[in-house]
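Visitor: Supplied structure: structure_27.txt, compact mmCIF, N, CA and C atoms.
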# COMPACT_ATOMS: atom_id res chain seq x y z
N MET A 8 187.74 75.60 140.06
CA MET A 8 187.16 75.50 138.75
C MET A 8 187.82 76.52 137.84
N ARG A 9 188.16 76.09 136.64
CA ARG A 9 188.83 76.97 135.70
C ARG A 9 187.82 77.79 134.92
N LYS A 10 188.21 78.99 134.59
CA LYS A 10 187.37 79.86 133.78
C LYS A 10 187.47 79.40 132.32
N PRO A 11 186.33 79.14 131.66
CA PRO A 11 186.40 78.68 130.27
C PRO A 11 186.84 79.81 129.34
N ASP A 12 187.75 79.49 128.45
CA ASP A 12 188.19 80.48 127.48
C ASP A 12 187.43 80.28 126.17
N GLY A 13 187.53 81.24 125.27
CA GLY A 13 186.77 81.22 124.02
C GLY A 13 187.12 80.03 123.13
N LYS A 14 188.39 79.68 123.09
CA LYS A 14 188.82 78.56 122.26
C LYS A 14 188.21 77.24 122.75
N PHE A 15 188.14 77.08 124.05
CA PHE A 15 187.59 75.87 124.64
C PHE A 15 186.08 75.78 124.38
N VAL A 16 185.36 76.87 124.56
CA VAL A 16 183.91 76.88 124.34
C VAL A 16 183.60 76.64 122.86
N LEU A 17 184.38 77.26 121.98
CA LEU A 17 184.19 77.04 120.55
C LEU A 17 184.46 75.58 120.18
N ALA A 18 185.46 74.97 120.81
CA ALA A 18 185.76 73.56 120.56
C ALA A 18 184.62 72.67 121.02
N LEU A 19 183.98 73.02 122.14
CA LEU A 19 182.83 72.23 122.62
C LEU A 19 181.68 72.29 121.62
N PHE A 20 181.37 73.49 121.12
CA PHE A 20 180.30 73.61 120.13
C PHE A 20 180.65 72.89 118.83
N ALA A 21 181.88 73.04 118.38
CA ALA A 21 182.32 72.37 117.16
C ALA A 21 182.29 70.85 117.33
N ALA A 22 182.70 70.39 118.49
CA ALA A 22 182.69 68.94 118.75
C ALA A 22 181.26 68.41 118.71
N GLY A 23 180.33 69.13 119.30
CA GLY A 23 178.94 68.69 119.27
C GLY A 23 178.38 68.65 117.87
N ALA A 24 178.63 69.70 117.09
CA ALA A 24 178.09 69.76 115.72
C ALA A 24 178.73 68.72 114.81
N LEU A 25 180.05 68.62 114.84
CA LEU A 25 180.73 67.66 113.96
C LEU A 25 180.43 66.22 114.35
N SER A 26 180.31 65.95 115.65
CA SER A 26 180.00 64.59 116.07
C SER A 26 178.58 64.21 115.67
N PHE A 27 177.67 65.18 115.71
CA PHE A 27 176.30 64.90 115.25
C PHE A 27 176.31 64.55 113.77
N LEU A 28 177.02 65.33 112.97
CA LEU A 28 177.08 65.06 111.54
C LEU A 28 177.72 63.70 111.24
N ALA A 29 178.78 63.37 111.96
CA ALA A 29 179.44 62.08 111.75
C ALA A 29 178.52 60.92 112.16
N GLY A 30 177.87 61.05 113.31
CA GLY A 30 176.96 59.99 113.76
C GLY A 30 175.76 59.83 112.85
N TYR A 31 175.20 60.94 112.39
CA TYR A 31 174.05 60.88 111.49
C TYR A 31 174.44 60.25 110.15
N ALA A 32 175.61 60.63 109.63
CA ALA A 32 176.08 60.06 108.37
C ALA A 32 176.30 58.56 108.51
N LEU A 33 176.87 58.13 109.63
CA LEU A 33 177.08 56.70 109.85
C LEU A 33 175.76 55.96 109.97
N THR A 34 174.79 56.56 110.65
CA THR A 34 173.47 55.93 110.77
C THR A 34 172.83 55.75 109.39
N GLU A 35 172.90 56.78 108.57
CA GLU A 35 172.33 56.68 107.22
C GLU A 35 173.08 55.66 106.36
N LEU A 36 174.38 55.59 106.52
CA LEU A 36 175.18 54.63 105.76
C LEU A 36 174.84 53.20 106.19
N LEU A 37 174.73 52.98 107.49
CA LEU A 37 174.44 51.63 107.99
C LEU A 37 173.00 51.21 107.70
N ALA A 38 172.12 52.16 107.49
CA ALA A 38 170.74 51.82 107.17
C ALA A 38 170.62 51.17 105.80
N LEU A 39 171.66 51.29 104.98
CA LEU A 39 171.65 50.68 103.66
C LEU A 39 171.90 49.17 103.71
N ILE A 40 172.36 48.68 104.86
CA ILE A 40 172.57 47.23 105.01
C ILE A 40 171.21 46.55 104.95
N PRO A 41 171.05 45.53 104.11
CA PRO A 41 169.74 44.89 104.02
C PRO A 41 169.37 44.19 105.33
N CYS A 42 168.09 44.22 105.62
CA CYS A 42 167.60 43.65 106.87
C CYS A 42 166.66 42.48 106.56
N ARG A 43 166.90 41.37 107.21
CA ARG A 43 166.01 40.23 107.09
C ARG A 43 164.95 40.32 108.17
N GLY A 44 163.77 39.92 107.84
CA GLY A 44 162.71 39.88 108.84
C GLY A 44 161.79 41.08 108.73
N GLU A 45 161.19 41.43 109.85
CA GLU A 45 160.23 42.52 109.89
C GLU A 45 160.87 43.86 109.61
N GLY A 46 160.22 44.64 108.78
CA GLY A 46 160.72 45.98 108.49
C GLY A 46 160.63 46.91 109.67
N LEU A 47 159.61 46.71 110.51
CA LEU A 47 159.43 47.57 111.68
C LEU A 47 160.60 47.43 112.65
N ALA A 48 161.02 46.19 112.89
CA ALA A 48 162.15 45.97 113.81
C ALA A 48 163.42 46.62 113.26
N CYS A 49 163.61 46.55 111.96
CA CYS A 49 164.80 47.17 111.36
C CYS A 49 164.75 48.69 111.51
N ASN A 50 163.58 49.27 111.31
CA ASN A 50 163.43 50.72 111.44
C ASN A 50 163.59 51.17 112.89
N ILE A 51 163.17 50.34 113.83
CA ILE A 51 163.32 50.71 115.24
C ILE A 51 164.80 50.79 115.61
N HIS A 52 165.60 49.85 115.15
CA HIS A 52 167.03 49.89 115.46
C HIS A 52 167.69 51.12 114.86
N GLN A 53 167.28 51.48 113.66
CA GLN A 53 167.83 52.69 113.04
C GLN A 53 167.41 53.93 113.81
N ALA A 54 166.15 53.96 114.28
CA ALA A 54 165.67 55.11 115.05
C ALA A 54 166.39 55.22 116.39
N ILE A 55 166.64 54.09 117.04
CA ILE A 55 167.35 54.10 118.32
C ILE A 55 168.75 54.68 118.13
N GLY A 56 169.45 54.24 117.09
CA GLY A 56 170.79 54.78 116.82
C GLY A 56 170.76 56.26 116.50
N GLY A 57 169.76 56.69 115.73
CA GLY A 57 169.65 58.11 115.37
C GLY A 57 169.35 58.98 116.57
N TYR A 58 168.41 58.53 117.41
CA TYR A 58 168.08 59.31 118.61
C TYR A 58 169.25 59.34 119.58
N ALA A 59 169.98 58.24 119.67
CA ALA A 59 171.15 58.22 120.56
C ALA A 59 172.20 59.21 120.09
N VAL A 60 172.36 59.35 118.77
CA VAL A 60 173.32 60.32 118.24
C VAL A 60 172.91 61.73 118.64
N VAL A 61 171.63 62.05 118.51
CA VAL A 61 171.16 63.39 118.89
C VAL A 61 171.37 63.63 120.38
N ILE A 62 171.01 62.66 121.20
CA ILE A 62 171.16 62.81 122.65
C ILE A 62 172.63 62.99 123.03
N TRP A 63 173.52 62.14 122.49
CA TRP A 63 174.93 62.24 122.85
C TRP A 63 175.59 63.48 122.27
N ALA A 64 175.14 63.94 121.10
CA ALA A 64 175.72 65.15 120.53
C ALA A 64 175.40 66.38 121.38
N ILE A 65 174.28 66.35 122.08
CA ILE A 65 173.91 67.47 122.96
C ILE A 65 174.47 67.28 124.36
N LEU A 66 174.39 66.06 124.88
CA LEU A 66 174.77 65.80 126.27
C LEU A 66 176.28 65.75 126.48
N ASP A 67 177.01 65.18 125.54
CA ASP A 67 178.46 65.01 125.71
C ASP A 67 179.23 66.31 125.88
N PRO A 68 178.97 67.36 125.07
CA PRO A 68 179.72 68.59 125.31
C PRO A 68 179.47 69.18 126.70
N LEU A 69 178.26 69.00 127.21
CA LEU A 69 177.99 69.48 128.57
C LEU A 69 178.82 68.71 129.59
N ILE A 70 178.86 67.39 129.45
CA ILE A 70 179.61 66.57 130.40
C ILE A 70 181.11 66.81 130.24
N PHE A 71 181.58 66.84 128.99
CA PHE A 71 183.00 67.14 128.78
C PHE A 71 183.35 68.53 129.32
N GLY A 72 182.49 69.51 129.07
CA GLY A 72 182.75 70.86 129.53
C GLY A 72 182.82 70.97 131.05
N LEU A 73 181.87 70.34 131.74
CA LEU A 73 181.90 70.37 133.21
C LEU A 73 183.11 69.63 133.76
N THR A 74 183.43 68.50 133.16
CA THR A 74 184.58 67.72 133.63
C THR A 74 185.88 68.50 133.42
N LEU A 75 186.02 69.09 132.25
CA LEU A 75 187.26 69.80 131.95
C LEU A 75 187.33 71.17 132.61
N ALA A 76 186.20 71.68 133.11
CA ALA A 76 186.25 72.92 133.87
C ALA A 76 186.89 72.69 135.23
N ILE A 77 186.78 71.47 135.73
CA ILE A 77 187.38 71.14 137.03
C ILE A 77 188.88 70.86 136.88
N ALA A 78 189.22 70.00 135.94
CA ALA A 78 190.62 69.66 135.70
C ALA A 78 190.82 69.50 134.21
N ARG A 79 191.63 70.35 133.64
CA ARG A 79 191.80 70.33 132.19
C ARG A 79 193.11 69.64 131.81
N ASN A 80 193.04 68.32 131.65
CA ASN A 80 194.16 67.56 131.13
C ASN A 80 193.63 66.36 130.36
N ARG A 81 194.51 65.70 129.62
CA ARG A 81 194.07 64.63 128.73
C ARG A 81 193.68 63.36 129.48
N ILE A 82 194.19 63.15 130.65
CA ILE A 82 193.81 61.98 131.43
C ILE A 82 192.34 62.09 131.85
N VAL A 83 191.95 63.26 132.30
CA VAL A 83 190.55 63.49 132.68
C VAL A 83 189.65 63.38 131.44
N LEU A 84 190.12 63.89 130.32
CA LEU A 84 189.36 63.80 129.08
C LEU A 84 189.14 62.35 128.66
N ALA A 85 190.17 61.52 128.76
CA ALA A 85 190.04 60.10 128.43
C ALA A 85 189.10 59.39 129.41
N GLY A 86 189.17 59.76 130.68
CA GLY A 86 188.25 59.18 131.67
C GLY A 86 186.81 59.53 131.39
N ALA A 87 186.56 60.78 131.02
CA ALA A 87 185.19 61.19 130.68
C ALA A 87 184.71 60.46 129.43
N CYS A 88 185.58 60.26 128.48
CA CYS A 88 185.22 59.52 127.26
C CYS A 88 184.85 58.08 127.60
N ALA A 89 185.63 57.46 128.46
CA ALA A 89 185.33 56.07 128.86
C ALA A 89 183.99 55.98 129.58
N VAL A 90 183.72 56.94 130.45
CA VAL A 90 182.44 56.94 131.18
C VAL A 90 181.28 57.16 130.22
N LEU A 91 181.46 58.01 129.21
CA LEU A 91 180.39 58.28 128.26
C LEU A 91 180.14 57.11 127.31
N LEU A 92 181.10 56.21 127.17
CA LEU A 92 180.89 55.03 126.33
C LEU A 92 180.17 53.90 127.06
N VAL A 93 180.05 53.99 128.37
CA VAL A 93 179.40 52.92 129.14
C VAL A 93 177.91 52.78 128.81
N PRO A 94 177.10 53.85 128.76
CA PRO A 94 175.67 53.64 128.48
C PRO A 94 175.36 52.99 127.14
N PRO A 95 176.02 53.36 126.02
CA PRO A 95 175.72 52.62 124.78
C PRO A 95 176.10 51.15 124.86
N VAL A 96 177.22 50.85 125.52
CA VAL A 96 177.64 49.45 125.67
C VAL A 96 176.62 48.70 126.52
N ALA A 97 176.21 49.28 127.63
CA ALA A 97 175.23 48.63 128.50
C ALA A 97 173.90 48.43 127.78
N PHE A 98 173.44 49.43 127.06
CA PHE A 98 172.18 49.31 126.33
C PHE A 98 172.27 48.19 125.31
N PHE A 99 173.37 48.13 124.57
CA PHE A 99 173.51 47.10 123.55
C PHE A 99 173.55 45.71 124.19
N LEU A 100 174.31 45.55 125.27
CA LEU A 100 174.39 44.23 125.91
C LEU A 100 173.05 43.79 126.48
N ILE A 101 172.31 44.70 127.07
CA ILE A 101 170.99 44.34 127.62
C ILE A 101 170.04 43.93 126.51
N THR A 102 170.03 44.67 125.42
CA THR A 102 169.12 44.30 124.33
C THR A 102 169.53 42.99 123.68
N GLN A 103 170.82 42.71 123.60
CA GLN A 103 171.25 41.45 123.00
C GLN A 103 170.93 40.26 123.89
N ILE A 104 171.04 40.43 125.19
CA ILE A 104 170.67 39.35 126.11
C ILE A 104 169.19 39.07 126.00
N GLU A 105 168.39 40.13 125.94
CA GLU A 105 166.94 39.97 125.80
C GLU A 105 166.59 39.30 124.48
N ASP A 106 167.21 39.71 123.40
CA ASP A 106 166.95 39.08 122.10
C ASP A 106 167.35 37.61 122.10
N ALA A 107 168.49 37.30 122.69
CA ALA A 107 168.96 35.91 122.71
C ALA A 107 168.01 35.04 123.53
N LEU A 108 167.44 35.57 124.59
CA LEU A 108 166.53 34.78 125.42
C LEU A 108 165.17 34.56 124.77
N TYR A 109 164.63 35.59 124.15
CA TYR A 109 163.26 35.51 123.66
C TYR A 109 163.15 35.24 122.16
N VAL A 110 164.11 35.65 121.38
CA VAL A 110 164.02 35.48 119.93
C VAL A 110 164.95 34.37 119.45
N GLY A 111 166.09 34.26 120.06
CA GLY A 111 167.09 33.29 119.63
C GLY A 111 168.27 34.01 118.99
N LEU A 112 169.25 33.24 118.61
CA LEU A 112 170.46 33.81 118.03
C LEU A 112 170.30 33.93 116.51
N GLU A 113 170.45 35.12 116.02
CA GLU A 113 170.45 35.40 114.59
C GLU A 113 171.65 36.31 114.32
N PRO A 114 172.79 35.73 113.95
CA PRO A 114 174.03 36.52 113.86
C PRO A 114 173.95 37.73 112.92
N GLN A 115 173.34 37.57 111.75
CA GLN A 115 173.31 38.70 110.82
C GLN A 115 172.47 39.84 111.36
N LEU A 116 171.31 39.53 111.91
CA LEU A 116 170.44 40.56 112.48
C LEU A 116 171.09 41.22 113.70
N GLN A 117 171.76 40.42 114.52
CA GLN A 117 172.40 40.99 115.70
C GLN A 117 173.60 41.86 115.34
N PHE A 118 174.31 41.50 114.28
CA PHE A 118 175.42 42.35 113.84
C PHE A 118 174.90 43.67 113.30
N ARG A 119 173.81 43.61 112.54
CA ARG A 119 173.20 44.84 112.03
C ARG A 119 172.70 45.70 113.19
N THR A 120 172.10 45.06 114.18
CA THR A 120 171.63 45.78 115.37
C THR A 120 172.80 46.44 116.08
N PHE A 121 173.92 45.72 116.21
CA PHE A 121 175.11 46.29 116.83
C PHE A 121 175.57 47.52 116.08
N LEU A 122 175.63 47.40 114.75
CA LEU A 122 176.10 48.52 113.96
C LEU A 122 175.17 49.72 114.05
N LEU A 123 173.87 49.49 114.09
CA LEU A 123 172.92 50.61 114.10
C LEU A 123 172.70 51.22 115.47
N THR A 124 172.78 50.43 116.54
CA THR A 124 172.48 50.98 117.87
C THR A 124 173.73 51.38 118.66
N PHE A 125 174.88 50.77 118.39
CA PHE A 125 176.06 51.08 119.18
C PHE A 125 177.07 51.95 118.44
N ALA A 126 177.31 51.66 117.18
CA ALA A 126 178.38 52.36 116.46
C ALA A 126 178.15 53.86 116.31
N PRO A 127 176.94 54.35 115.92
CA PRO A 127 176.78 55.80 115.79
C PRO A 127 176.97 56.59 117.09
N PRO A 128 176.37 56.15 118.25
CA PRO A 128 176.64 56.91 119.47
C PRO A 128 178.11 56.82 119.91
N ALA A 129 178.73 55.67 119.70
CA ALA A 129 180.14 55.54 120.06
C ALA A 129 181.01 56.45 119.19
N LEU A 130 180.67 56.54 117.90
CA LEU A 130 181.40 57.45 117.02
C LEU A 130 181.21 58.90 117.45
N THR A 131 180.01 59.23 117.89
CA THR A 131 179.74 60.59 118.37
C THR A 131 180.65 60.94 119.54
N VAL A 132 180.76 60.04 120.50
CA VAL A 132 181.62 60.28 121.66
C VAL A 132 183.09 60.37 121.24
N LEU A 133 183.52 59.47 120.37
CA LEU A 133 184.93 59.46 119.97
C LEU A 133 185.32 60.69 119.15
N VAL A 134 184.43 61.16 118.30
CA VAL A 134 184.72 62.38 117.52
C VAL A 134 184.87 63.57 118.47
N GLN A 135 183.99 63.67 119.45
CA GLN A 135 184.11 64.77 120.42
C GLN A 135 185.40 64.66 121.21
N TYR A 136 185.76 63.45 121.61
CA TYR A 136 187.01 63.25 122.34
C TYR A 136 188.21 63.70 121.51
N LEU A 137 188.22 63.31 120.24
CA LEU A 137 189.37 63.67 119.39
C LEU A 137 189.44 65.17 119.13
N ILE A 138 188.30 65.82 118.98
CA ILE A 138 188.30 67.27 118.77
C ILE A 138 188.77 67.99 120.04
N LEU A 139 188.26 67.58 121.18
CA LEU A 139 188.65 68.23 122.44
C LEU A 139 190.09 67.92 122.81
N ARG A 140 190.61 66.82 122.33
CA ARG A 140 192.00 66.48 122.61
C ARG A 140 192.95 67.49 121.98
N LEU A 141 192.51 68.11 120.89
CA LEU A 141 193.34 69.14 120.25
C LEU A 141 193.45 70.39 121.11
N VAL A 142 192.43 70.65 121.93
CA VAL A 142 192.38 71.88 122.73
C VAL A 142 192.99 71.68 124.11
N VAL A 143 192.84 70.48 124.64
CA VAL A 143 193.30 70.21 126.01
C VAL A 143 194.81 69.94 125.98
N PRO A 144 195.57 70.62 126.83
CA PRO A 144 197.02 70.43 126.83
C PRO A 144 197.41 69.08 127.42
N LYS A 145 198.60 68.63 127.06
CA LYS A 145 199.13 67.41 127.65
C LYS A 145 199.39 67.65 129.13
N THR A 146 199.38 66.61 129.91
CA THR A 146 199.62 66.76 131.34
C THR A 146 201.09 67.10 131.55
N GLN A 147 201.31 67.91 132.54
CA GLN A 147 202.67 68.29 132.91
C GLN A 147 203.30 67.17 133.71
N GLU A 148 204.46 66.71 133.27
CA GLU A 148 205.17 65.68 134.03
C GLU A 148 205.86 66.34 135.22
N PRO A 149 205.77 65.71 136.39
CA PRO A 149 206.44 66.28 137.55
C PRO A 149 207.96 66.26 137.36
N ARG A 150 208.58 67.34 137.75
CA ARG A 150 210.04 67.44 137.61
C ARG A 150 210.70 66.96 138.89
N PRO A 151 211.78 66.21 138.72
CA PRO A 151 212.47 65.68 139.94
C PRO A 151 213.20 66.73 140.70
Using structure tokens, write down the structure from this file.

Guide:
Amino acid sequence: MRKPDGKFVLALFAAGALSFLAGYALTELLALIPCRGEGLACNIHQAIGGYAVVIWAILDPLIFGLTLAIARNRIVLAGACAVLLVPPVAFFLITQIEDALYVGLEPQLQFRTFLLTFAPPALTVLVQYLILRLVVPKTQEPRP
């Protein structure tokens, strides 16, 4: 396990804070999209996206930090990013299957749901990945 240096720890905190701000701003921006149907259902999707941003903004730096403490290279960073994107994708797919079975297909509502529940947490993960990519060195190519 590698000893964390000050630059790396500062990057983790900055990644968490900036990704929270980006995810929150996107959630507020997407909330301006008009919603057809019940207002409560529209507000629930916005709340789910907002809570997911808070959870991922706190949880992701911990996971990235632990992963990069073991092996600090960009391949490991990309792998951790891919793993962190799986729960939002799975949550969105499960909710869409449930909606399609019980409510029916409503493309505009489902697109709004996609934007509010998946895009902000995914943006949170990607912002953290891009910030940490600046700190993590490129992998050393083996010399012949």

Visitor: I want to know what sits within 12 Å of Leu137 (chain A), based on only C-alpha atoms, with residues of the same chain fewer than 6 positions away left out; could you give that as a list in words?

Guide: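 Here the answer would be Ala18, Leu19, Ala21, Ala22, Gly23, Leu25, Ser26, Phe71, Arg81, Leu84, Ala85, Cys88, Leu130, Thr131 and Val143 of chain A.
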
Visitor: What is the distance, in Å and to one decimal place, between atom C of Val61 (chain A) and atom C of Ala107 (chain A)?

Guide: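 A separation of 29.0 Å between them.
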
Visitor: Name the closest residue to Thr34 (chain A) among the candidates A:Pro127, A:Lys14, A:Gln115, A:Pro95; distances are taken between atoms, counting all atoms listed in the file.

Guide: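 Closest to Thr34 (chain A) of all the choices is A:Pro127.
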
Visitor: Restricting the calculation to only C-alpha atoms, which member of A:Ala129, A:Val16, A:Tyr109, A:Asn80 is positioned closest to Val93 (chain A)?

Guide: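 Closest to Val93 (chain A), using only C-alpha atoms: A:Ala129.
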
Visitor: So which residues fall inside 10 Å of (189.3, 73.9, 130.0) if we count only C-alpha atoms? Mind giving them as a PyMOL selection string?

Guide: chain A and resi 8-16+19+71-80+139+142-144

Visitor: Please write the residues from the selection above to a file, keeping N, CA and C atoms, as a CSV table (one decimal), in the coordinates of the input.

Guide:
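Output below, filename out_15.csv:
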chain,number,residue,atom,x,y,z
A,8,MET,N,187.7,75.6,140.1
A,8,MET,CA,187.2,75.5,138.8
A,8,MET,C,187.8,76.5,137.8
A,9,ARG,N,188.2,76.1,136.6
A,9,ARG,CA,188.8,77.0,135.7
A,9,ARG,C,187.8,77.8,134.9
A,10,LYS,N,188.2,79.0,134.6
A,10,LYS,CA,187.4,79.9,133.8
A,10,LYS,C,187.5,79.4,132.3
A,11,PRO,N,186.3,79.1,131.7
A,11,PRO,CA,186.4,78.7,130.3
A,11,PRO,C,186.8,79.8,129.3
A,12,ASP,N,187.8,79.5,128.4
A,12,ASP,CA,188.2,80.5,127.5
A,12,ASP,C,187.4,80.3,126.2
A,13,GLY,N,187.5,81.2,125.3
A,13,GLY,CA,186.8,81.2,124.0
A,13,GLY,C,187.1,80.0,123.1
A,14,LYS,N,188.4,79.7,123.1
A,14,LYS,CA,188.8,78.6,122.3
A,14,LYS,C,188.2,77.2,122.8
A,15,PHE,N,188.1,77.1,124.0
A,15,PHE,CA,187.6,75.9,124.6
A,15,PHE,C,186.1,75.8,124.4
A,16,VAL,N,185.4,76.9,124.6
A,16,VAL,CA,183.9,76.9,124.3
A,16,VAL,C,183.6,76.6,122.9
A,19,LEU,N,184.0,73.0,122.1
A,19,LEU,CA,182.8,72.2,122.6
A,19,LEU,C,181.7,72.3,121.6
A,71,PHE,N,181.6,66.8,129.0
A,71,PHE,CA,183.0,67.1,128.8
A,71,PHE,C,183.4,68.5,129.3
A,72,GLY,N,182.5,69.5,129.1
A,72,GLY,CA,182.8,70.9,129.5
A,72,GLY,C,182.8,71.0,131.0
A,73,LEU,N,181.9,70.3,131.7
A,73,LEU,CA,181.9,70.4,133.2
A,73,LEU,C,183.1,69.6,133.8
A,74,THR,N,183.4,68.5,133.2
A,74,THR,CA,184.6,67.7,133.6
A,74,THR,C,185.9,68.5,133.4
A,75,LEU,N,186.0,69.1,132.2
A,75,LEU,CA,187.3,69.8,132.0
A,75,LEU,C,187.3,71.2,132.6
A,76,ALA,N,186.2,71.7,133.1
A,76,ALA,CA,186.2,72.9,133.9
A,76,ALA,C,186.9,72.7,135.2
A,77,ILE,N,186.8,71.5,135.7
A,77,ILE,CA,187.4,71.1,137.0
A,77,ILE,C,188.9,70.9,136.9
A,78,ALA,N,189.2,70.0,135.9
A,78,ALA,CA,190.6,69.7,135.7
A,78,ALA,C,190.8,69.5,134.2
A,79,ARG,N,191.6,70.4,133.6
A,79,ARG,CA,191.8,70.3,132.2
A,79,ARG,C,193.1,69.6,131.8
A,80,ASN,N,193.0,68.3,131.6
A,80,ASN,CA,194.2,67.6,131.1
A,80,ASN,C,193.6,66.4,130.4
A,139,LEU,N,188.3,67.6,121.2
A,139,LEU,CA,188.6,68.2,122.4
A,139,LEU,C,190.1,67.9,122.8
A,142,VAL,N,192.4,70.6,121.9
A,142,VAL,CA,192.4,71.9,122.7
A,142,VAL,C,193.0,71.7,124.1
A,143,VAL,N,192.8,70.5,124.6
A,143,VAL,CA,193.3,70.2,126.0
A,143,VAL,C,194.8,69.9,126.0
A,144,PRO,N,195.6,70.6,126.8
A,144,PRO,CA,197.0,70.4,126.8
A,144,PRO,C,197.4,69.1,127.4

Visitor: Return the single residue from A:Leu100, A:Ala24, A:Cys42, A:Ala59 that is closest to Leu116 (chain A), with distances computed using all atoms listed in the file.

Guide: A:Cys42

Visitor: Mind running region 70-145 of chain A against region 52-56 of chain A at 6.5 Å and telling me each contacting residue's nearest atom pair with the distance in Å (one decimal), counting all atoms listed in the file, chain and number ascending, as JSON lines?

Guide:
{"residue": "A:Thr120", "atom": "CA", "partner": "A:His52", "partner_atom": "CA", "distance": 6.2}
{"residue": "A:Leu123", "atom": "C", "partner": "A:Gly56", "partner_atom": "CA", "distance": 4.3}
{"residue": "A:Thr124", "atom": "CA", "partner": "A:Gly56", "partner_atom": "CA", "distance": 4.3}
{"residue": "A:Phe125", "atom": "N", "partner": "A:Gly56", "partner_atom": "CA", "distance": 5.9}
{"residue": "A:Pro127", "atom": "CA", "partner": "A:Gly56", "partner_atom": "C", "distance": 6.1}
{"residue": "A:Pro128", "atom": "N", "partner": "A:Gly56", "partner_atom": "C", "distance": 5.9}

Visitor: Mind pulling up the distance from CA of Asp106 (chain A) to CA of Leu91 (chain A)?

Guide: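 Here the two named atoms are 24.2 Å from each other.
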
Visitor: Considering all atoms listed in the file, can you say which of A:Phe27, A:Gln103, A:Leu17, A:Phe121 comes closest to Val60 (chain A)?

Guide: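 Of A:Phe27, A:Gln103, A:Leu17, A:Phe121, the one nearest Val60 (chain A), counting all atoms listed in the file, is A:Phe27.
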
Visitor: One number please: CA of Ile40 (chain A) to CA of Arg119 (chain A), in Å, one decimal.

Guide: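 Interatomic distance, CA of Ile40 (chain A) to CA of Arg119 (chain A): 7.4 Å.
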
Visitor: Select, from A:Ile82, A:Leu122, A:Tyr58, A:Glu105, the residue with the minimum atom-to-atom distance to Ala38 (chain A), counting all atoms listed in the file.

Guide: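 Checking each candidate against Ala38 (chain A), we get A:Leu122 as the closest.
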
Visitor: When distances are computed from all atoms listed in the file, which of A:Ala87, A:Leu28, A:Ile138, A:Ala126 shows the smallest separation from Ala64 (chain A)?

Guide: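 Of all the options, A:Leu28 lies closest to Ala64 (chain A).
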
Visitor: As lines of an AutoDock Vina configuration file, please: the centre and edge lengths in Å, to one decimal, of an axis-aligned box enclosing every listed atom of region 107-110 of chain A with 3 Å added on each side.

Guide:
center_x = 166.1
center_y = 35.8
center_z = 122.4
size_x = 11.8
size_y = 8.9
size_z = 12.0
